[in-house]
Amino acid sequence: MKVKIEVMLRDAILDPQGNTIKKSLASLGFKNVKSVRQGKLIEIDLNSSSSTKEKKNIEKMCEDVLTNSLTEKYKIKFLK
Amino acid sequence: MKIAIVVFPGSNCDRDISWAIKNISGKKPDYLWHKEKNFTNYDLIILPGGFSYGDYLRCGAIGSHSPIMNEIKKRSQKGTKIIGICNGFQILTESKMLPGSLLKNENLKFICKKIFLKVKNNNTFFSKKYKLNEIINIPIAHMEGRYYCSKETLKELESNGQIIFQYCNDNGSIKNNYNPNGSIMNIAGIINLKGNVLGMMPHPERCSEEILGGENGIKFFRSIFESIN
């Protein structure tokens, strides 16, 4: 079973990469872009097929290693 | 005086800092590989600059889980002095030994140049040889040096005198114009509440010998040597 973890900087934190992308889009004519935030995607393949069993485990991975709770937030998505 | 320098895969300032310490004190520090779990007592343990684990995931994140870090945390609680410079600072925040975090520079550039720092607290093991508000010229070399912390943490850092170094200009003015990376309140270096763990982005080991272009870092090392002797 695969798990996708989307990691984004928290809303209050300046994201200079997102801002640069926004400016680039505007210069290419995409004028209706209000804001851009850039994050990262982590894909994990588990030796398990039970998302209920693994949910806590994945959350622990996120809290302990995969994200920094001060600056980042995350969403977990189990794929079938 | 026993000093150890931790070597992570990707550390690249370990030899520089060893050289600086040997040059100033005459004593050569030991190197400790990051997988060490049992090692002799040291007065000071240094986490050097570099790119531990290639900065993968987040700077310092994987290094903060290296086997040696559990023991370093335990020893810091017992009072062993710990210094993290640049990537070492990032490892200390990721391991929660220091509050806050270091984010990508606001201008998205790797900045490698000499800047000015103001010594905001000289009543510490690491800064006692400097005068209060002394301005020092020192190199920085980083891509992720934007210090960030919550408003509550910032208040605590200020009221407890935990902010040791702030970016400034050659006259000591601490304004955003003289902030190279977007750090909150121009913060370049902090200590923990107990006062035995210091993290800083600038590199004192790169300005501790005239041939390197400056000697402003010598007082940093002399402060520590005096504290542990």
# chains A, B, ... in the order shown; residues from 1 in each chain; ligands from 1
>>> closest_atom_pairs(of="chain B", to="chain A", cutoff="12 Å", atoms="only C-alpha atoms", output="Markdown table")
| residue | atom | partner | partner_atom | distance |
| --- | --- | --- | --- | --- |
| B:Tyr56 | CA | A:Leu66 | CA | 10.6 |
| B:Leu57 | CA | A:Leu66 | CA | 7.1 |
| B:Arg58 | CA | A:Thr67 | CA | 8.2 |
| B:Cys59 | CA | A:Asn68 | CA | 10.8 |
| B:Gly60 | CA | A:Val65 | CA | 10.7 |
| B:Ala61 | CA | A:Val65 | CA | 6.9 |
| B:Ile62 | CA | A:Val65 | CA | 7.5 |
| B:Gly63 | CA | A:Val65 | CA | 10.5 |
| B:Ser64 | CA | A:Val65 | CA | 9.1 |
| B:His65 | CA | A:Val65 | CA | 8.1 |
| B:Ser66 | CA | A:Val65 | CA | 11.6 |
| B:Gln90 | CA | A:Asn68 | CA | 11.8 |
| B:Thr93 | CA | A:Asn68 | CA | 9.9 |
| B:Glu94 | CA | A:Asn68 | CA | 7.6 |
| B:Ser95 | CA | A:Asp64 | CA | 9.7 |
| B:Lys96 | CA | A:Asn68 | CA | 10.3 |
| B:Pro99 | CA | A:Leu70 | CA | 9.6 |
| B:Gly100 | CA | A:Leu70 | CA | 7.3 |
| B:Ser101 | CA | A:Leu70 | CA | 7.4 |
| B:Leu102 | CA | A:Thr71 | CA | 9.3 |
| B:Leu103 | CA | A:Thr71 | CA | 8.5 |
| B:Lys104 | CA | A:Pro16 | CA | 8.1 |
| B:Asn105 | CA | A:Pro16 | CA | 8.2 |
| B:Glu106 | CA | A:Pro16 | CA | 5.9 |
| B:Asn107 | CA | A:Pro16 | CA | 7.1 |
| B:Leu108 | CA | A:Pro16 | CA | 6.8 |
| B:Lys109 | CA | A:Pro16 | CA | 10.6 |
| B:Glu144 | CA | A:Pro16 | CA | 12.0 |
| B:Arg146 | CA | A:Leu14 | CA | 10.4 |
| B:Tyr147 | CA | A:Thr71 | CA | 11.0 |
| B:Tyr148 | CA | A:Thr71 | CA | 8.3 |
| B:Cys149 | CA | A:Leu70 | CA | 7.6 |
| B:Ser150 | CA | A:Leu70 | CA | 7.9 |
| B:Lys151 | CA | A:Ala12 | CA | 11.6 |
| B:Thr153 | CA | A:Leu70 | CA | 11.1 |
| B:Asn181 | CA | A:Pro16 | CA | 11.3 |
| B:Gly182 | CA | A:Leu14 | CA | 9.7 |
| B:Ser183 | CA | A:Leu14 | CA | 11.1 |
| B:Ile184 | CA | A:Ile13 | CA | 11.2 |
>>> write_last_selection(atoms="N, CA and C atoms", output="mmCIF file, in the first residue's frame")
data_model
loop_
_atom_site.group_PDB
_atom_site.id
_atom_site.type_symbol
_atom_site.label_atom_id
_atom_site.label_comp_id
_atom_site.auth_asym_id
_atom_site.auth_seq_id
_atom_site.Cartn_x
_atom_site.Cartn_y
_atom_site.Cartn_z
ATOM 1 N N TYR B 56 19.191 16.665 2.717
ATOM 2 C CA TYR B 56 17.956 16.008 2.273
ATOM 3 C C TYR B 56 16.858 16.176 3.326
ATOM 4 N N LEU B 57 15.634 16.164 2.883
ATOM 5 C CA LEU B 57 14.420 16.331 3.695
ATOM 6 C C LEU B 57 14.331 17.761 4.220
ATOM 7 N N ARG B 58 15.102 18.123 5.211
ATOM 8 C CA ARG B 58 15.289 19.512 5.676
ATOM 9 C C ARG B 58 16.709 19.575 6.208
ATOM 10 N N CYS B 59 17.323 20.757 6.147
ATOM 11 C CA CYS B 59 18.704 20.876 6.646
ATOM 12 C C CYS B 59 18.778 20.424 8.098
ATOM 13 N N GLY B 60 19.657 19.501 8.383
ATOM 14 C CA GLY B 60 19.883 19.069 9.764
ATOM 15 C C GLY B 60 18.889 18.035 10.262
ATOM 16 N N ALA B 61 17.824 17.760 9.490
ATOM 17 C CA ALA B 61 16.761 16.883 9.996
ATOM 18 C C ALA B 61 17.250 15.448 10.192
ATOM 19 N N ILE B 62 17.941 14.922 9.194
ATOM 20 C CA ILE B 62 18.375 13.524 9.302
ATOM 21 C C ILE B 62 19.551 13.429 10.279
ATOM 22 N N GLY B 63 20.433 14.404 10.235
ATOM 23 C CA GLY B 63 21.557 14.440 11.177
ATOM 24 C C GLY B 63 21.080 14.472 12.623
ATOM 25 N N SER B 64 19.953 15.150 12.867
ATOM 26 C CA SER B 64 19.451 15.265 14.239
ATOM 27 C C SER B 64 19.017 13.908 14.794
ATOM 28 N N HIS B 65 18.842 12.919 13.899
ATOM 29 C CA HIS B 65 18.479 11.564 14.346
ATOM 30 C C HIS B 65 19.661 10.600 14.280
ATOM 31 N N SER B 66 20.853 11.119 14.028
ATOM 32 C CA SER B 66 22.050 10.266 14.043
ATOM 33 C C SER B 66 22.212 9.637 15.427
ATOM 34 N N GLN B 90 21.535 24.124 12.564
ATOM 35 C CA GLN B 90 20.316 23.505 12.008
ATOM 36 C C GLN B 90 20.034 22.164 12.691
ATOM 37 N N THR B 93 18.519 22.831 16.192
ATOM 38 C CA THR B 93 17.097 23.209 16.211
ATOM 39 C C THR B 93 16.233 22.007 15.834
ATOM 40 N N GLU B 94 16.687 21.225 14.855
ATOM 41 C CA GLU B 94 15.906 20.040 14.464
ATOM 42 C C GLU B 94 15.820 19.036 15.613
ATOM 43 N N SER B 95 16.850 18.982 16.435
ATOM 44 C CA SER B 95 16.824 18.022 17.553
ATOM 45 C C SER B 95 16.163 18.637 18.785
ATOM 46 N N LYS B 96 15.649 19.863 18.629
ATOM 47 C CA LYS B 96 14.937 20.578 19.702
ATOM 48 C C LYS B 96 15.847 20.930 20.890
ATOM 49 N N PRO B 99 15.498 26.311 20.484
ATOM 50 C CA PRO B 99 14.179 26.605 19.912
ATOM 51 C C PRO B 99 14.285 27.196 18.503
ATOM 52 N N GLY B 100 13.190 27.110 17.756
ATOM 53 C CA GLY B 100 13.131 27.738 16.441
ATOM 54 C C GLY B 100 13.531 26.801 15.322
ATOM 55 N N SER B 101 13.721 27.409 14.147
ATOM 56 C CA SER B 101 14.063 26.632 12.968
ATOM 57 C C SER B 101 14.783 27.540 11.984
ATOM 58 N N LEU B 102 15.521 26.930 11.039
ATOM 59 C CA LEU B 102 16.236 27.731 10.037
ATOM 60 C C LEU B 102 15.685 27.426 8.655
ATOM 61 N N LEU B 103 15.147 28.461 8.041
ATOM 62 C CA LEU B 103 14.453 28.298 6.762
ATOM 63 C C LEU B 103 15.314 28.838 5.618
ATOM 64 N N LYS B 104 14.848 28.552 4.392
ATOM 65 C CA LYS B 104 15.546 29.029 3.202
ATOM 66 C C LYS B 104 15.688 30.554 3.240
ATOM 67 N N ASN B 105 16.866 31.054 2.852
ATOM 68 C CA ASN B 105 17.091 32.507 2.846
ATOM 69 C C ASN B 105 15.995 33.215 2.052
ATOM 70 N N GLU B 106 15.635 34.387 2.531
ATOM 71 C CA GLU B 106 14.534 35.119 1.907
ATOM 72 C C GLU B 106 14.806 35.397 0.429
ATOM 73 N N ASN B 107 16.081 35.646 0.083
ATOM 74 C CA ASN B 107 16.381 35.958 -1.326
ATOM 75 C C ASN B 107 16.677 34.705 -2.149
ATOM 76 N N LEU B 108 16.490 33.531 -1.567
ATOM 77 C CA LEU B 108 16.671 32.238 -2.244
ATOM 78 C C LEU B 108 18.080 32.008 -2.770
ATOM 79 N N LYS B 109 19.053 32.764 -2.228
ATOM 80 C CA LYS B 109 20.427 32.592 -2.710
ATOM 81 C C LYS B 109 21.297 31.964 -1.634
ATOM 82 N N GLU B 144 20.186 28.123 3.960
ATOM 83 C CA GLU B 144 19.054 28.062 4.896
ATOM 84 C C GLU B 144 19.482 28.642 6.243
ATOM 85 N N ARG B 146 17.632 31.522 7.604
ATOM 86 C CA ARG B 146 16.582 32.449 8.055
ATOM 87 C C ARG B 146 15.991 31.929 9.359
ATOM 88 N N TYR B 147 16.467 32.506 10.467
ATOM 89 C CA TYR B 147 15.996 32.024 11.764
ATOM 90 C C TYR B 147 14.529 32.398 11.947
ATOM 91 N N TYR B 148 13.748 31.410 12.367
ATOM 92 C CA TYR B 148 12.321 31.621 12.596
ATOM 93 C C TYR B 148 11.936 30.987 13.926
ATOM 94 N N CYS B 149 11.084 31.677 14.673
ATOM 95 C CA CYS B 149 10.502 31.066 15.874
ATOM 96 C C CYS B 149 9.154 31.733 16.125
ATOM 97 N N SER B 150 8.386 31.165 17.041
ATOM 98 C CA SER B 150 7.069 31.738 17.346
ATOM 99 C C SER B 150 7.255 33.051 18.120
ATOM 100 N N LYS B 151 6.175 33.855 18.182
ATOM 101 C CA LYS B 151 6.240 35.129 18.908
ATOM 102 C C LYS B 151 6.564 34.895 20.381
ATOM 103 N N THR B 153 8.217 32.349 21.701
ATOM 104 C CA THR B 153 9.629 31.962 21.847
ATOM 105 C C THR B 153 10.522 33.198 21.731
ATOM 106 N N ASN B 181 19.590 37.320 5.462
ATOM 107 C CA ASN B 181 18.811 36.137 5.082
ATOM 108 C C ASN B 181 17.331 36.191 5.477
ATOM 109 N N GLY B 182 16.916 37.283 6.111
ATOM 110 C CA GLY B 182 15.506 37.396 6.512
ATOM 111 C C GLY B 182 15.219 36.849 7.899
ATOM 112 N N SER B 183 16.262 36.607 8.688
ATOM 113 C CA SER B 183 16.064 36.083 10.051
ATOM 114 C C SER B 183 15.188 37.007 10.874
ATOM 115 N N ILE B 184 14.346 36.423 11.691
ATOM 116 C CA ILE B 184 13.495 37.196 12.587
ATOM 117 C C ILE B 184 14.419 37.984 13.534
#
>>> residues_around(residues="Pro139 (chain B)", least_positions_apart="5", cutoff="6 Å", atoms="only C-alpha atoms", output="MDAnalysis selection string")
chainID B and resid 113:115 202:203
>>> write_last_selection(atoms="N, CA and C atoms", output="tab-separated table (two decimals), in the first residue's frame")
chain	number	residue	atom	x	y	z
B	113	LYS	N	29.60	35.41	2.22
B	113	LYS	CA	30.29	36.70	2.30
B	113	LYS	C	30.55	37.06	3.76
B	114	LYS	N	31.33	38.13	3.96
B	114	LYS	CA	31.55	38.58	5.33
B	114	LYS	C	30.45	39.58	5.70
B	115	ILE	N	29.93	39.44	6.90
B	115	ILE	CA	28.88	40.33	7.38
B	115	ILE	C	29.30	40.89	8.75
B	202	PRO	N	26.96	32.18	11.50
B	202	PRO	CA	28.29	32.60	11.03
B	202	PRO	C	29.40	31.63	11.46
B	203	HIS	N	30.54	31.76	10.78
B	203	HIS	CA	31.65	30.82	10.96
B	203	HIS	C	32.85	31.45	11.65
>>> select_by_dssp(residues="region 11-99 of chain B", states="strand (DSSP E or B)", output="PyMOL selection string")
chain B and resi 11+30-33+44-47+50+81-85
>>> write_last_selection(atoms="C-alpha atoms", output="CSV table (one decimal), in the first residue's frame")
chain,number,residue,atom,x,y,z
B,11,SER,CA,30.2,17.7,7.3
B,30,ASP,CA,39.1,14.6,18.7
B,31,TYR,CA,36.8,13.7,15.9
B,32,LEU,CA,33.6,11.6,16.7
B,33,TRP,CA,31.9,9.8,13.9
B,44,LEU,CA,32.9,20.8,24.7
B,45,ILE,CA,31.2,19.0,21.7
B,46,ILE,CA,31.0,20.8,18.4
B,47,LEU,CA,28.6,20.1,15.6
B,50,GLY,CA,28.5,21.5,6.2
B,81,LYS,CA,28.9,22.6,26.4
B,82,ILE,CA,27.6,22.2,22.9
B,83,ILE,CA,28.2,24.4,19.9
B,84,GLY,CA,26.5,24.1,16.5
B,85,ILE,CA,27.8,26.2,13.7
>>> closest_residue(among="B:Ala20, B:Cys112, B:Cys13, B:Phe8", to="Phe221 (chain B)", atoms="only C-alpha atoms")
B:Ala20
>>> residues_around(residues="Ile228 (chain B)", least_positions_apart="2", cutoff="7 Å", atoms="only C-alpha atoms", output="list in words")
Met1, Asp43, Ile224, Phe225 and Glu226 of chain B
>>> write_last_selection(atoms="C-alpha atoms", output="compact mmCIF listing (two decimals), in the first residue's frame")
# COMPACT_ATOMS: atom_id res chain seq x y z
CA MET B 1 40.41 20.72 28.18
CA ASP B 43 34.08 19.58 28.05
CA ILE B 224 35.21 28.91 25.45
CA PHE B 225 38.72 27.87 26.43
CA GLU B 226 38.56 30.15 29.45
>>> atom_distance(atom1="CA of Asn186 (chain B)", atom2="CA of Gln162 (chain B)")
13.5 Å
>>> select_by_dssp(residues="region 129-194 of chain B", states="helix (DSSP H, G or I)", output="ChimeraX atom specification")
/B:151-159,176-178,184-186
>>> write_last_selection(atoms="N, CA and C atoms", output="CSV table (one decimal), in the first residue's frame")
chain,number,residue,atom,x,y,z
B,151,LYS,N,6.2,33.9,18.2
B,151,LYS,CA,6.2,35.1,18.9
B,151,LYS,C,6.6,34.9,20.4
B,152,GLU,N,6.0,33.8,20.9
B,152,GLU,CA,6.2,33.5,22.4
B,152,GLU,C,7.7,33.2,22.6
B,153,THR,N,8.2,32.3,21.7
B,153,THR,CA,9.6,32.0,21.8
B,153,THR,C,10.5,33.2,21.7
B,154,LEU,N,10.2,34.1,20.8
B,154,LEU,CA,11.0,35.3,20.6
B,154,LEU,C,11.0,36.1,21.8
B,155,LYS,N,9.8,36.3,22.5
B,155,LYS,CA,9.8,37.0,23.7
B,155,LYS,C,10.7,36.4,24.8
B,156,GLU,N,10.6,35.1,24.9
B,156,GLU,CA,11.4,34.4,25.9
B,156,GLU,C,12.9,34.6,25.6
B,157,LEU,N,13.3,34.4,24.3
B,157,LEU,CA,14.7,34.6,23.9
B,157,LEU,C,15.2,36.0,24.3
B,158,GLU,N,14.3,37.0,24.1
B,158,GLU,CA,14.7,38.4,24.4
B,158,GLU,C,14.8,38.6,25.9
B,159,SER,N,13.8,38.2,26.6
B,159,SER,CA,13.8,38.5,28.0
B,159,SER,C,14.8,37.7,28.8
B,176,ASN,N,16.6,45.9,9.1
B,176,ASN,CA,16.4,44.9,8.1
B,176,ASN,C,17.3,44.9,6.9
B,177,ASN,N,17.8,46.2,6.6
B,177,ASN,CA,18.7,46.3,5.5
B,177,ASN,C,20.0,45.5,5.7
B,178,TYR,N,20.3,45.3,6.9
B,178,TYR,CA,21.6,44.6,7.2
B,178,TYR,C,21.3,43.1,7.6
B,184,ILE,N,14.3,36.4,11.7
B,184,ILE,CA,13.5,37.2,12.6
B,184,ILE,C,14.4,38.0,13.5
B,185,MET,N,14.2,39.3,13.6
B,185,MET,CA,15.0,40.2,14.5
B,185,MET,C,16.5,40.1,14.3
B,186,ASN,N,16.8,39.8,13.0
B,186,ASN,CA,18.3,39.8,12.6
B,186,ASN,C,19.1,38.7,13.5
>>> closest_residue(among="B:Lys78, B:Lys22, B:Lys73, B:Lys2", to="Ser208 (chain B)", atoms="only C-alpha atoms")
B:Lys22
>>> residues_around(residues="Phe89 (chain B)", least_positions_apart="5", cutoff="7 Å", atoms="only C-alpha atoms", output="PDB file with C-alpha atoms, in the first residue's frame")
ATOM      1  CA  GLY B  84      26.475  24.101  16.516  1.00  0.00           C
ATOM      2  CA  GLY B 199      23.885  27.727  17.797  1.00  0.00           C
ATOM      3  CA  MET B 200      25.052  30.280  15.251  1.00  0.00           C
ATOM      4  CA  MET B 201      25.031  30.599  11.467  1.00  0.00           C
TER       5      MET B 201
END
>>> atom_distance(atom1="CA of Asn196 (chain B)", atom2="CA of Thr124 (chain B)")
8.3 Å
>>> atom_distance(atom1="CA of Lys53 (chain A)", atom2="CA of Met8 (chain A)")
25.0 Å
>>> closest_residue(among="A:Ser24, A:Asn32, A:Arg10, A:Phe78", to="Thr52 (chain A)", atoms="only C-alpha atoms")
A:Phe78
